[in-house]
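The structure under discussion appears below in the form of structure tokens.
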Amino acid sequence: MLAAQPPMGWNSWNRFLNSNLRADIAATTEKEILAQAKAMVDSGLAAAGYEYIVLDDCYQAKRRDHLGRIQTHPHRFPSGIKGLVDQIHGLGLKFGLYSVPGTLTCAQQYDDYNGDDLGSLNRELIDAESFVEWGVDYLKYDWCRAHLNDGLIAEPTFRKMAEALKTANADIVYSISEYGLFEPHKWAPEFCNMWRTTDDLMPNWPSLLRTIDLQRKLYPYSKPGAWNDPDMLQIGNGELSMAENRAHMYVWAVLNAPLMAGNDLTRMSDEVRDLLAHPGIIAVDQDWGGQQGKVTFADGDLEIWSKPMSQESGFKTASVLLNRGETTGKFDLNRIFETSTELQDVWSGDSVAKGAIDLAAHDALLLLSR
Ligand code: GAL
């Protein structure tokens, strides 16, 4: 089964958003992508489970070739996709690529990216065949206003690419992104491996909370091979503090969300690395206990998101205690968990006594129970 566990990797997009939230096109180069891939290996993230390097928008040449195939920008990506994929595979990693179902990519729409016919509209099969020929392992297929630009309808349009991938005999994780506009959780599980549930997550606390809130009702829809995707990680980017980064990582883990790092892996701090690579948090994310996390406790700014853990894990539940507020909050663990329950702090591995505990503003704690 493809994506039997939530996919993990690194995606180029969040890294190349500059402070004006416009794509840093000049920085999107083959050299840079390879540097990130090497850093994924050297930093230990690959060993921790991160495996896909996903090249998002802004790699394309202005035009397709005479056979109608997508080409890479000749100066920024001199080896072409195949050359790049081979190098990524040579590092023991997998490769993901971006395309859109309509005529315009999102960078054409919003960042004045130059090109004609870059989208896969009416070229689904030739693109699927190219992806297979190049050895692509993962496709990010991004809506980008195709209903407005091209009059397309989401479900049949995304299905068309799924069918093209099947016809091309592709062994490719199919990751779609329509920002939760058309209730993708209701139809995407049938033929997609993951679907974005929100618009872009930005590297700040209000955006993180907004994104988390949009996950509340989605727990019935994900399962192995088909995951809700609350967007790529912003850990290590923008304004997020270490406590906020922790909250971000913990909530994604109880949601069984795909973990696609989006920071500069060549320059991350040890703290950020240790958070992204933490084996205990990753184990929670990758463990399927029958349902992704949902809210199980709420009291003002204090919330708990919990999910069941599989029997093999040796635990009953994984729970994130989240303080959304601006002041320290108090959780009474005696009231929240049954008397016989034993608790473990995933970060430290230490057992946790069941009294009242303080949690700082914008911080979180990830607990396993048994
Ligand atoms: C957006 C998408 C981002 C990124 C960007 C590329 O629509 O949500 O994740 O792919 O397009 O232009």
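Going through the structure tokens in order, the chains are called A, B, and so on, while each chain numbers its residues from 1 and the ligands are numbered from 1 in the order shown.
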For the alpha helix (DSSP H) assignment from backbone DSSP, which residues of region 279-355 of chain A qualify? Please present them as number ranges by chain. A: 279-286, 333-336
Which residues form the shell of 8 Å around ligand 1 when you count only C-alpha atoms and all ligand atoms, given as a PyMOL selection string? chain A and resi 13-14+23+56-58+98+105-111+140+142-144+177-179+199-200+231-232
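Using only C-alpha atoms, the contacts of Leu366 (chain A) at a cut-off of 8 Å, with sequence neighbours closer than 3 positions omitted, comprise Tyr250, Ala318, Ser319, Val320, Leu321, Asp345, Val346 and Trp347 of chain A.
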Which residue gives the smallest distance to Ser348 (chain A) among A:Gly68, A:Pro279, A:Lys166, A:Ala298, with only C-alpha atoms counted? A:Pro279
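Neighbouring residues of Gly92 (chain A) at 12 Å or closer, counting only C-alpha atoms and skipping chain neighbours under 3 positions away, are Ala37, Lys38, Met40, Val41, Asp42, Ala46, Ala47, Gly49, Tyr50, Glu51, Tyr52, Ile53, Val85, Asp86, Gln87, Ile88, His89 and Phe95 of chain A.
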What are the closest atom pairs, with distances in Å to one decimal, for each residue of region 144-201 of chain A lying within 10 Å of region 115-125 of chain A, using only C-alpha atoms, rows by chain and rising residue number, as a Markdown table?
```
| residue | atom | partner | partner_atom | distance |
| --- | --- | --- | --- | --- |
| A:Ala146 | CA | A:Leu121 | CA | 9.5 |
| A:Asp150 | CA | A:Leu121 | CA | 8.9 |
| A:Leu152 | CA | A:Leu121 | CA | 9.6 |
| A:Thr157 | CA | A:Leu121 | CA | 8.9 |
| A:Lys160 | CA | A:Glu124 | CA | 7.3 |
| A:Met161 | CA | A:Glu124 | CA | 5.7 |
| A:Ala162 | CA | A:Glu124 | CA | 9.1 |
| A:Glu163 | CA | A:Leu125 | CA | 8.6 |
| A:Ala164 | CA | A:Leu125 | CA | 5.0 |
| A:Leu165 | CA | A:Leu125 | CA | 7.3 |
| A:Lys166 | CA | A:Leu125 | CA | 9.5 |
| A:Thr167 | CA | A:Leu125 | CA | 7.7 |
| A:Ala168 | CA | A:Leu125 | CA | 7.2 |
```
Save out the residues we just selected, C-alpha atoms, as a PDB file, in the first residue's frame.
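Result file result_12.pdb:
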```pdb
ATOM      1  CA  ALA A 146      -8.635  25.897 -11.496  1.00  0.00           C
ATOM      2  CA  ASP A 150     -10.423  26.885 -16.186  1.00  0.00           C
ATOM      3  CA  LEU A 152     -12.861  22.756 -13.640  1.00  0.00           C
ATOM      4  CA  THR A 157     -10.396  16.628 -12.206  1.00  0.00           C
ATOM      5  CA  LYS A 160      -8.526  12.193 -13.948  1.00  0.00           C
ATOM      6  CA  MET A 161      -4.905  12.407 -12.801  1.00  0.00           C
ATOM      7  CA  ALA A 162      -5.397   9.405 -10.505  1.00  0.00           C
ATOM      8  CA  GLU A 163      -6.551   7.462 -13.556  1.00  0.00           C
ATOM      9  CA  ALA A 164      -3.670   8.714 -15.675  1.00  0.00           C
ATOM     10  CA  LEU A 165      -1.232   7.583 -12.974  1.00  0.00           C
ATOM     11  CA  LYS A 166      -2.887   4.181 -12.984  1.00  0.00           C
ATOM     12  CA  THR A 167      -2.732   3.929 -16.771  1.00  0.00           C
ATOM     13  CA  ALA A 168       0.952   4.865 -16.623  1.00  0.00           C
TER      14      ALA A 168
END
```
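Selecting strand (DSSP E or B) from the backbone DSSP output for region 21-113 of chain A yields Ala23, Tyr52, Ile53, Val54, Leu55, Gln60, Thr72, Lys94, Phe95, Gly96, Leu97, Tyr98 and Ser99 of chain A.
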Next, write the just-selected residues to a file, as a short mmCIF file (atom, residue, chain, number, x, y, z; two decimals), in the first residue's frame, keeping N, CA, C and O atoms as the atom set.
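Okay, part-v8.cif is ready:
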```
data_model
loop_
_atom_site.label_atom_id
_atom_site.label_comp_id
_atom_site.auth_asym_id
_atom_site.auth_seq_id
_atom_site.Cartn_x
_atom_site.Cartn_y
_atom_site.Cartn_z
N ALA A 23 7.24 34.03 -3.73
CA ALA A 23 8.18 32.95 -3.96
C ALA A 23 9.56 33.51 -4.31
O ALA A 23 9.67 34.42 -5.12
N TYR A 52 11.08 11.77 1.58
CA TYR A 52 10.80 12.43 0.30
C TYR A 52 11.43 13.82 0.25
O TYR A 52 11.34 14.58 1.21
N ILE A 53 12.04 14.14 -0.89
CA ILE A 53 12.42 15.52 -1.18
C ILE A 53 11.43 15.97 -2.24
O ILE A 53 11.42 15.43 -3.36
N VAL A 54 10.57 16.92 -1.89
CA VAL A 54 9.51 17.33 -2.82
C VAL A 54 9.86 18.70 -3.40
O VAL A 54 10.00 19.68 -2.67
N LEU A 55 10.01 18.71 -4.72
CA LEU A 55 10.29 19.96 -5.43
C LEU A 55 8.95 20.59 -5.79
O LEU A 55 8.22 20.08 -6.64
N GLN A 60 9.96 24.98 -13.37
CA GLN A 60 9.65 24.72 -14.78
C GLN A 60 10.33 25.71 -15.73
O GLN A 60 10.49 26.88 -15.43
N THR A 72 12.49 21.39 -17.18
CA THR A 72 12.97 22.23 -16.07
C THR A 72 13.62 23.49 -16.60
O THR A 72 14.11 23.53 -17.74
N LYS A 94 13.70 9.59 -1.70
CA LYS A 94 12.70 9.55 -2.76
C LYS A 94 12.41 10.97 -3.23
O LYS A 94 12.70 11.94 -2.52
N PHE A 95 11.79 11.07 -4.40
CA PHE A 95 11.61 12.38 -5.02
C PHE A 95 10.15 12.69 -5.31
O PHE A 95 9.42 11.87 -5.87
N GLY A 96 9.73 13.90 -4.96
CA GLY A 96 8.37 14.36 -5.25
C GLY A 96 8.40 15.59 -6.14
O GLY A 96 9.34 16.40 -6.09
N LEU A 97 7.37 15.73 -6.97
CA LEU A 97 7.29 16.85 -7.91
C LEU A 97 5.92 17.50 -7.86
O LEU A 97 4.92 16.84 -7.58
N TYR A 98 5.89 18.79 -8.21
CA TYR A 98 4.67 19.60 -8.18
C TYR A 98 4.08 19.75 -9.58
O TYR A 98 4.81 19.96 -10.55
N SER A 99 2.77 19.66 -9.67
CA SER A 99 2.07 20.11 -10.89
C SER A 99 0.68 20.58 -10.50
O SER A 99 0.28 20.48 -9.35
#
```
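Proximity of A:Arg69, A:Arg63, A:Pro74, A:Leu45 to Thr29 (chain A), computed with only C-alpha atoms, is greatest for A:Pro74.
With distances restricted to only C-alpha atoms, A:Asn323 is the closest residue to Trp205 (chain A) from A:Ser79, A:Ser12, A:Asn323, A:Ser269.
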Contacts of His278 (chain A) at 10 Å or less, counting only C-alpha atoms, minus same-chain residues fewer than 4 places along, as an NGL selection string? :A and (45 or 48 or 249 or 272-274 or 282-283 or 346-347)
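For the set A:Asn263, A:Asp332, A:Pro258, A:Phe77, the residue with the smallest atom-to-atom gap to Leu34 (chain A) is A:Phe77, counting only C-alpha atoms.
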Shell around Pro189 (chain A) at 9 Å using only C-alpha atoms, local window under 6 positions removed, as a PDB file with C-alpha atoms, in the first residue's frame:
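The new file result32.pdb reads:
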```
ATOM      1  CA  TRP A 195      -5.309  15.863   0.715  1.00  0.00           C
ATOM      2  CA  TYR A 221     -11.918  10.456   7.339  1.00  0.00           C
ATOM      3  CA  SER A 222      -8.243   9.442   7.436  1.00  0.00           C
ATOM      4  CA  LYS A 223      -6.819   5.935   7.390  1.00  0.00           C
ATOM      5  CA  GLY A 225      -3.080   5.054   2.604  1.00  0.00           C
ATOM      6  CA  ALA A 226      -5.327   8.146   2.840  1.00  0.00           C
ATOM      7  CA  TRP A 227      -4.402  10.987   5.181  1.00  0.00           C
ATOM      8  CA  ASN A 228      -5.756  14.395   6.091  1.00  0.00           C
TER       9      ASN A 228
END
```
I want to know what sits within 9 Å of Gly329 (chain A), based on only C-alpha atoms, with residues of the same chain fewer than 2 positions away left out; could you give that as a compact mmCIF listing (two decimals) with N, CA, C and O atoms, in the first residue's frame?
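Result file is part.txt:
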```txt
# COMPACT_ATOMS: atom_id res chain seq x y z
N ASP A 301 -8.80 28.38 27.05
CA ASP A 301 -7.65 28.28 26.13
C ASP A 301 -6.93 26.94 26.23
O ASP A 301 -5.96 26.71 25.51
N LEU A 302 -7.38 26.11 27.14
CA LEU A 302 -6.69 24.82 27.33
C LEU A 302 -7.45 23.73 26.59
O LEU A 302 -8.67 23.60 26.71
N ASN A 323 -1.81 24.74 25.34
CA ASN A 323 -2.23 26.02 25.92
C ASN A 323 -2.23 27.06 24.81
O ASN A 323 -1.19 27.57 24.41
N GLY A 325 -3.50 29.98 25.03
CA GLY A 325 -3.65 31.32 25.58
C GLY A 325 -2.36 32.07 25.82
O GLY A 325 -1.27 31.61 25.49
N GLU A 326 -2.51 33.24 26.44
CA GLU A 326 -1.38 34.17 26.63
C GLU A 326 -0.79 34.10 28.03
O GLU A 326 0.14 34.83 28.35
N THR A 327 -1.40 33.27 28.90
CA THR A 327 -0.86 33.13 30.26
C THR A 327 -0.72 31.65 30.58
O THR A 327 -1.31 30.80 29.91
N PHE A 331 -3.49 22.27 34.06
CA PHE A 331 -4.27 21.06 33.74
C PHE A 331 -4.27 20.17 34.98
O PHE A 331 -3.20 19.90 35.54
N ILE A 357 -0.67 20.23 36.61
CA ILE A 357 0.59 20.69 36.01
C ILE A 357 0.37 22.02 35.30
O ILE A 357 -0.70 22.29 34.74
N ASP A 358 1.41 22.84 35.34
CA ASP A 358 1.38 24.14 34.67
C ASP A 358 1.92 24.00 33.27
O ASP A 358 2.90 23.31 33.05
N LEU A 359 1.28 24.70 32.36
CA LEU A 359 1.78 24.72 30.99
C LEU A 359 1.88 26.18 30.55
O LEU A 359 0.89 26.93 30.64
N ALA A 360 3.07 26.57 30.08
CA ALA A 360 3.30 27.97 29.70
C ALA A 360 2.43 28.36 28.50
O ALA A 360 1.94 27.49 27.76
N ALA A 361 2.25 29.65 28.31
CA ALA A 361 1.49 30.18 27.17
C ALA A 361 2.07 29.62 25.87
O ALA A 361 3.29 29.48 25.74
```
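One distance worth recording is that between CA of Pro308 (chain A) and CA of Gly293 (chain A), which is 7.6 Å.
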